[in-house]
Amino acid sequence: MGYTPELKELIKRVEATRPKRLEMARKGENFPALTLEERAVVLEKFHPDYQKEGRRPVKTGPDKGLVLPEEVAMLLESRSMLRPEHVKLDKVDFDTDVLVIGAGGAGNSAALLAADAGCKVIMVTKLRHGDANTMMAEGGIQAAVHECDSPFYHYMDTIGGGHFTNQPDLVATLSHDAPLSINWLEGLGMMFNKHPDGRLVSRHFGGSSRKRMNSAGDMTGAEIMRVLRDEARSRSDQISTIEFTPAVELLIDEEGKCGGAILYNMETREFFICRAKATIIATGGNGRLHIKGFACTNHYGATMDGVVLCYRAGVGTTCMWSTQYHPTGVSYPEQNVGLLITEKVRGLGAHVLNVEGEQFCFPLEPRDVESAEIIKEALEVGKAVLTPTGRYGVWLDSPMIDMLHGEGTVRRELPAKFIQFERHGIDISKEPMLVYPTLHYQNGGIAIDGDCRTVIPGLYSAGECTGGVHGENRLMGNSLQDVITFGRRAGIVAAQYVNSGVEVKKLTMDHVVKYEKELAEAGVENPVVAPILLPDYSTDEVASRRLLQVQGMLEAE
Amino acid sequence: MSQSESTPKKTQIATGDRAILPKGAKTIPIFIMGKQYEVPETLTIMKAMEFAGFQFLRGAGCRGGICGACPTVYRMPNDYKIHFGLACQTVVEADMYLAQIPFYPANRAVYKLEDIEARPDMINALYPELFRCVACNNCTKACPMNVDVLGYISALKQGDIARAAEISFDCIQCGMCASRCMGEIPQYHIAQLARRMYGKYIMPKAEHLQKRVDEINAGKYDGLLEKLQKMSHEELEKLYKEREREPDLAPNGTWVPQDAQYL
Ligand SMILES: Cc1cc2nc3c(=O)[nH]c(=O)nc-3n(C[C@H](O)[C@H](O)[C@H](O)COP(=O)(O)OP(=O)(O)OC[C@H]3O[C@@H](n4cnc5c(N)ncnc54)[C@H](O)[C@@H]3O)c2cc1C
Ligand code: SF4
Ligand code: SF4
Ligand code: FES
């Protein structure tokens with residue numbers, strides 16, 4: 001397949017400007033970076049987080065009045081897929097010590113640590129065990145493991161990178177526990193990249209003062225996920241994992257403690273009551289909401305379910321207005337759209353270019369600034385490339401890498417990306433890539449403290465679904481560490497709570513009734529039903545035919 | 001099948017992954033489990049199926065070629081060959097005849113890693129079927145990740161755990177190899193065991209990490225972190241700006257910063 005003749009024609013313009021740009025690069029000259037003032041202007045005007053349009057105050061719930069992206073606000077103003085008056089809560093289908101909702105990195109870590117403390121655990125997940133954003137992480141995981149580094153510098157880099165908006169106790173926990181997490185993973189048999197003497201291979205990353213990025217090939221997240229999944233399977237005497245069965249509502253007992261959740265078998269469409277002494281939400285991010293129509297890097301089930309369930313029960317959010325857009329998502333070929341092109345490509349010297357083959361920004365601005373500049377080039381300047389499927393793209397001049405660092409560098413340093421494009425007939429060491437910002441990470445989320453507690457007793461949360469660890473801007477490698485550190489903590493703290501002797505009283509869905517009343521009073525008409533569980537990618541044509549179906553079916557159940 | 005289909009207000013939440021087709025885009029016929037659908041060319045099998053109106057429950061995970069949820073088998077007209085691919089990575093071709101195999105049963109042995117050692121006979125005891133391999137190479141041909149499956153199975157038969165671990169590293173546990181195996185071997189489960197044995201028992205331990213862990217557990221950094229949490233924005237910003245940066249070219253574990261008070 002490869003590039004179309006039209007695109008090939010445009011690539012000639014990139015090639016035409018390349019010799020001159022290479023010469024600049026060899027002399028260490030760069031396209032000038034923006035000043036702090038200029039950054040503020042471009043962010044204000046073009047970064048989706050800063051734009052007024054597409055954002056509004058949420059009308060109900062603990063964060064009422066907070067200005068959020070429309071897609072997020074709409075889901076927070078949602079109603080339950082269950083009609084509380086029809087649900088029989090006295091018929092308990094599953095009874096357990098700890099219920100873990102979500103089986104990614106955070107969920108599995110929590111389940112394992114709760115099991116270590118002697119608890120019986122049920123871990124439910126929406127898709128297969130391990131179908132999660134954790135599986136997709138390539139770059140690495142931070143931890144201050146070398147002598148020149150310490151939790152102090154991890155703390156500093158993290159809070160500075162987050163523009164000092166992070167929640168301090170969470171950053172302290174993260175930097176304190178990070179080496180413990182790596183040690184735990186090593187003990188579980190994870191294949192870290194190591195020097196011959198066993199010392200971890202660690203690298204720099206955007207915003208680091210010390211080399212702190214540890215990895216396992218270019219599939220660090222997949223290796224973490226495989227190992228944790230295998231360990232959870234080995235512990236099936238204590239951990240039962242139930243796939244394709246998301247939680248769709250929390251249960252609160254009459255004393256106001258969390259007492260488990262309602263589960264939904266997506267294959268048989270049955271609902272089940274799961275009573276648990278402690279519940280841990282680890283449902284991951286929200287990339288699949290496609291805020292403002294952006295493509296995303298996330299897995300299929302990243303629909304913000306955990307935040308929705310908690311919000312309805314009265315748990316507020318932290319930094320929920322903030323979303324991480326990665327500046328370089330694939331915009332061509334269509335089959336790779338939205339997938340991540342790591343920062344490393346620009347780190348290795350590739351320029352970002354418009355349709356004329358001209359530079360228009362410094363390629364290593366912070367992620368939010370770089371994204372805004374690319375969007376500006378497309379929307380205001382009008383010099384982006386239009387792909388055959390009608391998407392914007394700018395060139396990322398990857399062939400420069402081999403020219404700067406020697407033949408074979410692209411293949412060696414970016415093996416996974418090389419294969420991914422080669423499959424579609426594009427040799428990225430010889431042809432540039434087309435990229436555009438893509439939704440990458442849910443910066444904000446469920447409000448927790450350093451021990452993963454929410455405001456509801458017995459309800460804990462960890463991982464990408466929570467907010468505050470990264471503030472308004474996450475550094476690379478800190479979210480994998482986030483999910484292991486806080487996943488483990490959640491497991492430990494939930495088990496302590498259970499082991500201290502908890503009795504779940506009569507279960508209720510009163511919080512749902514109350515919230516839906518609040519929706520009506522706030523004048524929210526026809527609220528969406530959430531969690532939405534999966535995105536729907538059918539065409540309008542297909543969707544319109546489906547609408548002929550009898551409506552309201554599920555509500556009767 | 002999603003609950004949102006039947007709700008009063010149909011909200012189009014997700015648009016980002018829908019193909020936006022230019023005017024006059026060409027469509028081609030494909031056969032999904034034997035039934036014909038017209039889909040735009042250049043889409044992946046996954047997106048083409050969604051275009052045709054399927055909504056995945058099984059058969060889609062990461063959508064990025066790394067989770068193994070979407071293995072697909074297909075044939076082309078007038079060709080006896082069976083082809084294998086990931087639905088999220090393989091582009092549709094006209095007259096492709098396809099079916100997904102989102103799940104294939106495979107035997108997984110029960111073990112606790114901490115109770116075993118990295119010994120070939122332990123693997124053989126847990127997976128005696130390893131020796132049923134007839135070296136037909138069907139597994140390797142079926143692997144969408146181009147893993148040398150027969151290669152790692154052979155390494156294991158020879159007792160070379162380290163080699164098997166290295167060769168199998170790219171495995172995404174999709175199950176295609178097991179589905180094609182004459183010896184009914186669960187290759188990817190055995191490889192997982194080998195990698196974990198390798199990671200835990202054979203690779204050298206990170207001793208500097210153990211030292212750091214001991215320091216942390218002894219409370220060495222508690223006071224510092226306590227202080228940091230109480231620091232004002234200005235103080236933090238000042239310290240942030242003063243950080244020394246480890247030189248790019250310094251090998252791990254060699255650089256000594258000037259300021260050692262926070263180490
Ligand atoms: C392409 C990509 C590259 C990345 N690269 C890096 C990197 O290099 N370094 C880094 O540190 N971070 C990286 N990240 C971010 C990091 O991978 C994630 O933030 C992190 O793994 C999230 O882990 P989690 O356990 O919180 O959520 P996930 O791993 O997403 O797991 C959530 C789980 O919850 C399940 N779930 C969802 N809703 C429900 C429900 N209602 N009921 C039951 N289960 C539910 C999901 O199916 C899933 O199994 C990357 C992310 C992506 C997408
Ligand atoms: S080795 Fe087997 S399970 Fe692993 S990716 Fe290849 S075919 Fe799939
Ligand atoms: S398919 Fe089975 S029998 Fe054939 S080579 Fe692979 S492991 Fe051996
Ligand atoms: S959906 Fe994960 S590999 Fe295709």
# chains A, B, ... in the order shown; residues from 1 in each chain; ligands from 1
call {"tool": "residues_around", "arguments": {"residues": "stretch 152-158 of chain A", "least_positions_apart": "4", "cutoff": "9 Å", "atoms": "only C-alpha atoms", "output": "ChimeraX atom specification"}}
result
/A:142-144,162-164,166,168,171-172,174-176,207-210,212,469-471,473-475,478 /B:221,224-225,228,236-237,239-240,243,262-263
call {"tool": "residues_around", "arguments": {"residues": "A:Lys517", "least_positions_apart": "3", "cutoff": "12 Å", "atoms": "only C-alpha atoms", "output": "PyMOL selection string"}}
result
chain A and resi 60-61+77-80+312+510-514+520-525+527
call {"tool": "atom_distance", "arguments": {"atom1": "atom CA of A:Leu10", "atom2": "atom CA of A:Phe360"}}
result
16.7 Å
call {"tool": "residues_near_ligand", "arguments": {"ligand": "ligand 2", "cutoff": "10 Å", "atoms": "only C-alpha atoms and all ligand atoms", "output": "NGL selection string"}}
result
:B and (66-69 or 71 or 84-86 or 138-150 or 152-153 or 167-180 or 186-189 or 191-192)
call {"tool": "closest_atom_pairs", "arguments": {"of": "chain B", "to": "ligand 1", "cutoff": "12 Å", "atoms": "only C-alpha atoms and all ligand atoms", "output": "Markdown table"}}
result
| residue | atom | partner | partner_atom_place_in_ligand_line | distance |
| --- | --- | --- | --- | --- |
| B:Leu57 | CA | ligand 1 | 47 (O) | 11.3 |
| B:Arg58 | CA | ligand 1 | 47 (O) | 11.8 |
| B:Ala60 | CA | ligand 1 | 47 (O) | 11.0 |
| B:Gly61 | CA | ligand 1 | 47 (O) | 8.4 |
| B:Cys62 | CA | ligand 1 | 53 (C) | 8.3 |
| B:Arg63 | CA | ligand 1 | 1 (C) | 9.9 |
| B:Gly64 | CA | ligand 1 | 1 (C) | 7.9 |
| B:Gly65 | CA | ligand 1 | 1 (C) | 10.5 |
| B:Ile66 | CA | ligand 1 | 1 (C) | 9.7 |
| B:Cys67 | CA | ligand 1 | 49 (O) | 11.2 |
call {"tool": "write_last_selection", "arguments": {"atoms": "all heavy atoms", "output": "PDB file, in the first residue's frame"}}
result
ATOM      1  N   LEU B  57     -17.414  -7.158  20.986  1.00  0.00           N
ATOM      2  CA  LEU B  57     -17.365  -7.382  22.413  1.00  0.00           C
ATOM      3  C   LEU B  57     -16.098  -8.195  22.639  1.00  0.00           C
ATOM      4  O   LEU B  57     -15.143  -7.736  23.232  1.00  0.00           O
ATOM      5  CB  LEU B  57     -18.616  -8.138  22.870  1.00  0.00           C
ATOM      6  CG  LEU B  57     -18.640  -8.509  24.342  1.00  0.00           C
ATOM      7  CD1 LEU B  57     -18.357  -7.321  25.224  1.00  0.00           C
ATOM      8  CD2 LEU B  57     -19.995  -9.110  24.691  1.00  0.00           C
ATOM      9  N   ARG B  58     -16.085  -9.383  22.062  1.00  0.00           N
ATOM     10  CA  ARG B  58     -14.823 -10.107  21.985  1.00  0.00           C
ATOM     11  C   ARG B  58     -14.130  -9.677  20.693  1.00  0.00           C
ATOM     12  O   ARG B  58     -14.757  -9.149  19.791  1.00  0.00           O
ATOM     13  CB  ARG B  58     -15.090 -11.599  21.959  1.00  0.00           C
ATOM     14  CG  ARG B  58     -15.676 -12.077  23.276  1.00  0.00           C
ATOM     15  CD  ARG B  58     -15.337 -13.502  23.547  1.00  0.00           C
ATOM     16  NE  ARG B  58     -15.843 -13.872  24.853  1.00  0.00           N
ATOM     17  CZ  ARG B  58     -15.053 -14.292  25.842  1.00  0.00           C
ATOM     18  NH1 ARG B  58     -13.758 -14.387  25.677  1.00  0.00           N
ATOM     19  NH2 ARG B  58     -15.585 -14.633  26.999  1.00  0.00           N
ATOM     20  N   ALA B  60     -11.690  -7.457  20.207  1.00  0.00           N
ATOM     21  CA  ALA B  60     -11.024  -6.151  20.136  1.00  0.00           C
ATOM     22  C   ALA B  60     -10.512  -5.812  21.521  1.00  0.00           C
ATOM     23  O   ALA B  60     -11.235  -5.980  22.505  1.00  0.00           O
ATOM     24  CB  ALA B  60     -11.980  -5.064  19.656  1.00  0.00           C
ATOM     25  N   GLY B  61      -9.281  -5.359  21.602  1.00  0.00           N
ATOM     26  CA  GLY B  61      -8.725  -4.972  22.901  1.00  0.00           C
ATOM     27  C   GLY B  61      -7.988  -3.660  22.753  1.00  0.00           C
ATOM     28  O   GLY B  61      -8.579  -2.598  22.757  1.00  0.00           O
ATOM     29  N   CYS B  62      -6.683  -3.761  22.520  1.00  0.00           N
ATOM     30  CA  CYS B  62      -5.866  -2.553  22.447  1.00  0.00           C
ATOM     31  C   CYS B  62      -6.090  -1.777  21.158  1.00  0.00           C
ATOM     32  O   CYS B  62      -5.870  -0.594  21.096  1.00  0.00           O
ATOM     33  CB  CYS B  62      -4.404  -2.934  22.563  1.00  0.00           C
ATOM     34  SG  CYS B  62      -3.806  -3.914  21.167  1.00  0.00           S
ATOM     35  N   ARG B  63      -6.479  -2.445  20.100  1.00  0.00           N
ATOM     36  CA  ARG B  63      -6.619  -1.862  18.767  1.00  0.00           C
ATOM     37  C   ARG B  63      -5.273  -1.334  18.269  1.00  0.00           C
ATOM     38  O   ARG B  63      -5.241  -0.518  17.352  1.00  0.00           O
ATOM     39  CB  ARG B  63      -7.689  -0.749  18.752  1.00  0.00           C
ATOM     40  CG  ARG B  63      -9.041  -1.225  19.247  1.00  0.00           C
ATOM     41  CD  ARG B  63     -10.025  -0.081  19.382  1.00  0.00           C
ATOM     42  NE  ARG B  63     -10.451   0.409  18.093  1.00  0.00           N
ATOM     43  CZ  ARG B  63     -11.585   0.082  17.505  1.00  0.00           C
ATOM     44  NH1 ARG B  63     -12.425  -0.745  18.085  1.00  0.00           N
ATOM     45  NH2 ARG B  63     -11.887   0.577  16.329  1.00  0.00           N
ATOM     46  N   GLY B  64      -4.211  -1.811  18.842  1.00  0.00           N
ATOM     47  CA  GLY B  64      -2.891  -1.322  18.445  1.00  0.00           C
ATOM     48  C   GLY B  64      -1.857  -2.424  18.272  1.00  0.00           C
ATOM     49  O   GLY B  64      -0.664  -2.155  18.291  1.00  0.00           O
ATOM     50  N   GLY B  65      -2.295  -3.673  18.124  1.00  0.00           N
ATOM     51  CA  GLY B  65      -1.359  -4.735  17.783  1.00  0.00           C
ATOM     52  C   GLY B  65      -0.515  -5.263  18.924  1.00  0.00           C
ATOM     53  O   GLY B  65       0.557  -5.817  18.701  1.00  0.00           O
ATOM     54  N   ILE B  66      -0.976  -5.149  20.163  1.00  0.00           N
ATOM     55  CA  ILE B  66      -0.114  -5.586  21.262  1.00  0.00           C
ATOM     56  C   ILE B  66      -0.827  -6.462  22.293  1.00  0.00           C
ATOM     57  O   ILE B  66      -0.183  -7.046  23.161  1.00  0.00           O
ATOM     58  CB  ILE B  66       0.546  -4.344  21.940  1.00  0.00           C
ATOM     59  CG1 ILE B  66       1.663  -4.720  22.931  1.00  0.00           C
ATOM     60  CG2 ILE B  66      -0.470  -3.470  22.611  1.00  0.00           C
ATOM     61  CD1 ILE B  66       2.913  -5.231  22.317  1.00  0.00           C
ATOM     62  N   CYS B  67      -2.160  -6.608  22.195  1.00  0.00           N
ATOM     63  CA  CYS B  67      -2.845  -7.346  23.266  1.00  0.00           C
ATOM     64  C   CYS B  67      -3.242  -8.763  22.875  1.00  0.00           C
ATOM     65  O   CYS B  67      -3.523  -9.591  23.729  1.00  0.00           O
ATOM     66  CB  CYS B  67      -4.070  -6.583  23.749  1.00  0.00           C
ATOM     67  SG  CYS B  67      -5.502  -6.737  22.667  1.00  0.00           S
TER      68      CYS B  67
END
call {"tool": "closest_residue", "arguments": {"among": "A:Val67, A:Leu263, A:Leu340, A:Leu112", "to": "chain B", "atoms": "only C-alpha atoms"}}
result
A:Leu340
call {"tool": "closest_atom_pairs", "arguments": {"of": "chain A", "to": "ligand 4", "cutoff": "8 Å", "atoms": "only C-alpha atoms and all ligand atoms", "output": "CSV"}}
result
residue,atom,partner,partner_atom_place_in_ligand_line,distance
A:Asp131,CA,ligand 4,2 (Fe),7.6
A:His299,CA,ligand 4,2 (Fe),7.9
A:Tyr300,CA,ligand 4,1 (S),7.9
call {"tool": "closest_residue", "arguments": {"among": "B:Ile161, B:Cys181, B:Leu209, B:Ala52", "to": "B:Gly253", "atoms": "only C-alpha atoms"}}
result
B:Leu209
call {"tool": "closest_residue", "arguments": {"among": "B:Ile30, B:Ala125, B:Met182, B:Ile82", "to": "ligand 3", "atoms": "only C-alpha atoms and all ligand atoms"}}
result
B:Met182
call {"tool": "select_by_dssp", "arguments": {"residues": "stretch 302-451 of chain A", "states": "alpha helix (DSSP H)", "output": "PyMOL selection string"}}
result
chain A and resi 305-312+344-347+367-376+399-405+409-413+415-422
call {"tool": "interface_residues", "arguments": {"of": "chain A", "to": "chain B", "cutoff": "6 Å", "atoms": "only C-alpha atoms", "output": "JSON, numbers by chain"}}
result
{"A": [131, 145, 146, 148, 150, 168, 172, 180, 187, 189, 190, 191, 198, 199, 209, 210, 234, 289, 290, 293, 294, 295, 299, 300, 335, 389, 390, 535, 537, 538, 542, 551, 552]}
call {"tool": "write_last_selection", "arguments": {"atoms": "N, CA and C atoms", "output": "compact mmCIF listing (two decimals), in the first residue's frame"}}
result
# COMPACT_ATOMS: atom_id res chain seq x y z
N ASP A 131 -6.68 -6.74 28.95
CA ASP A 131 -6.98 -5.80 27.86
C ASP A 131 -7.12 -4.43 28.53
N VAL A 145 16.38 4.66 41.12
CA VAL A 145 17.08 3.47 41.58
C VAL A 145 18.60 3.61 41.64
N HIS A 146 19.14 4.60 40.94
CA HIS A 146 20.60 4.72 40.90
C HIS A 146 21.11 5.64 42.01
N CYS A 148 22.94 8.30 42.01
CA CYS A 148 22.89 9.75 41.81
C CYS A 148 21.46 10.29 41.90
N SER A 150 17.36 10.04 43.73
CA SER A 150 16.69 9.70 44.99
C SER A 150 15.22 10.08 44.87
N PRO A 168 0.42 16.99 46.67
CA PRO A 168 1.72 16.63 47.25
C PRO A 168 1.80 15.24 47.87
N ALA A 172 4.53 12.30 46.88
CA ALA A 172 5.44 11.72 47.88
C ALA A 172 5.32 10.20 47.88
N LEU A 180 10.39 0.32 45.37
CA LEU A 180 9.79 -0.90 45.93
C LEU A 180 8.98 -1.62 44.85
N GLY A 187 11.05 -9.37 41.29
CA GLY A 187 10.83 -10.62 42.02
C GLY A 187 9.76 -11.49 41.40
N GLY A 189 9.54 -11.86 38.31
CA GLY A 189 10.12 -12.43 37.09
C GLY A 189 10.00 -11.55 35.86
N MET A 190 9.88 -10.23 36.07
CA MET A 190 9.81 -9.35 34.91
C MET A 190 11.21 -9.20 34.29
N MET A 191 11.24 -9.20 32.96
CA MET A 191 12.51 -9.09 32.25
C MET A 191 12.86 -7.63 31.97
N GLY A 198 23.65 -6.69 36.22
CA GLY A 198 22.34 -6.64 36.87
C GLY A 198 21.82 -5.24 37.11
N ARG A 199 22.65 -4.24 36.88
CA ARG A 199 22.20 -2.86 37.06
C ARG A 199 21.15 -2.52 36.00
N SER A 209 15.73 15.09 35.55
CA SER A 209 17.05 15.58 35.95
C SER A 209 18.01 14.40 36.09
N ARG A 210 17.47 13.20 36.24
CA ARG A 210 18.30 12.01 36.36
C ARG A 210 17.76 10.96 35.41
N SER A 234 -1.87 -17.61 38.75
CA SER A 234 -1.25 -18.59 39.64
C SER A 234 -1.91 -18.57 41.01
N LEU A 289 -13.57 8.38 24.85
CA LEU A 289 -14.63 9.38 24.74
C LEU A 289 -14.33 10.31 23.56
N HIS A 290 -13.13 10.22 23.02
CA HIS A 290 -12.75 11.03 21.87
C HIS A 290 -13.14 12.49 22.05
N GLY A 293 -13.58 15.02 19.35
CA GLY A 293 -13.41 14.28 18.10
C GLY A 293 -11.99 13.82 17.84
N PHE A 294 -11.08 14.00 18.79
CA PHE A 294 -9.70 13.56 18.57
C PHE A 294 -9.61 12.04 18.57
N ALA A 295 -8.69 11.54 17.77
CA ALA A 295 -8.35 10.12 17.84
C ALA A 295 -7.67 9.86 19.17
N HIS A 299 -6.87 1.80 24.78
CA HIS A 299 -7.52 0.53 24.44
C HIS A 299 -9.03 0.73 24.31
N TYR A 300 -9.69 -0.31 23.83
CA TYR A 300 -11.11 -0.24 23.43
C TYR A 300 -12.07 0.09 24.59
N GLN A 335 -5.19 2.69 9.14
CA GLN A 335 -5.23 1.58 10.10
C GLN A 335 -4.41 1.86 11.37
N THR A 389 -8.29 9.93 4.04
CA THR A 389 -9.52 9.69 4.81
C THR A 389 -9.98 10.96 5.52
N GLY A 390 -9.50 12.10 5.04
CA GLY A 390 -10.02 13.36 5.54
C GLY A 390 -9.51 13.77 6.91
N PRO A 535 -17.23 2.11 23.18
CA PRO A 535 -17.60 3.12 22.19
C PRO A 535 -18.34 2.45 21.04
N TYR A 537 -18.67 2.55 17.03
CA TYR A 537 -18.06 3.10 15.83
C TYR A 537 -18.87 2.82 14.58
N SER A 538 -20.16 2.48 14.74
CA SER A 538 -20.93 2.21 13.53
C SER A 538 -21.20 3.52 12.79
N VAL A 542 -25.77 2.87 9.54
CA VAL A 542 -26.07 1.67 10.32
C VAL A 542 -26.84 2.06 11.58
N GLN A 551 -37.37 0.52 21.84
CA GLN A 551 -36.50 1.23 22.75
C GLN A 551 -36.77 0.92 24.21
N GLY A 552 -35.78 1.17 25.01
CA GLY A 552 -35.95 1.04 26.46
C GLY A 552 -35.96 -0.39 26.96
call {"tool": "select_by_dssp", "arguments": {"residues": "stretch 22-234 of chain B", "states": "strand (DSSP E or B)", "output": "list in words"}}
result
Thr27, Ile28, Pro29, Ile30, Phe31, Ile32, Lys35, Gln36, Tyr37, Glu38, Val39, Pro40, Thr44, Pro71, Thr72, Val73, Tyr74, Arg75, His83, Phe84, Gly85, Leu86, Val91, Tyr97, Leu98, Ala99 and Gln100 of chain B
call {"tool": "closest_residue", "arguments": {"among": "A:Ala247, A:Val330, A:Val345, A:Val483", "to": "A:Gly221", "atoms": "only C-alpha atoms"}}
result
A:Val483
call {"tool": "residues_around", "arguments": {"residues": "A:Thr134", "least_positions_apart": "6", "cutoff": "7 Å", "atoms": "only C-alpha atoms", "output": "JSON, numbers by chain"}}
result
{"A": [104, 105, 221, 222, 225]}
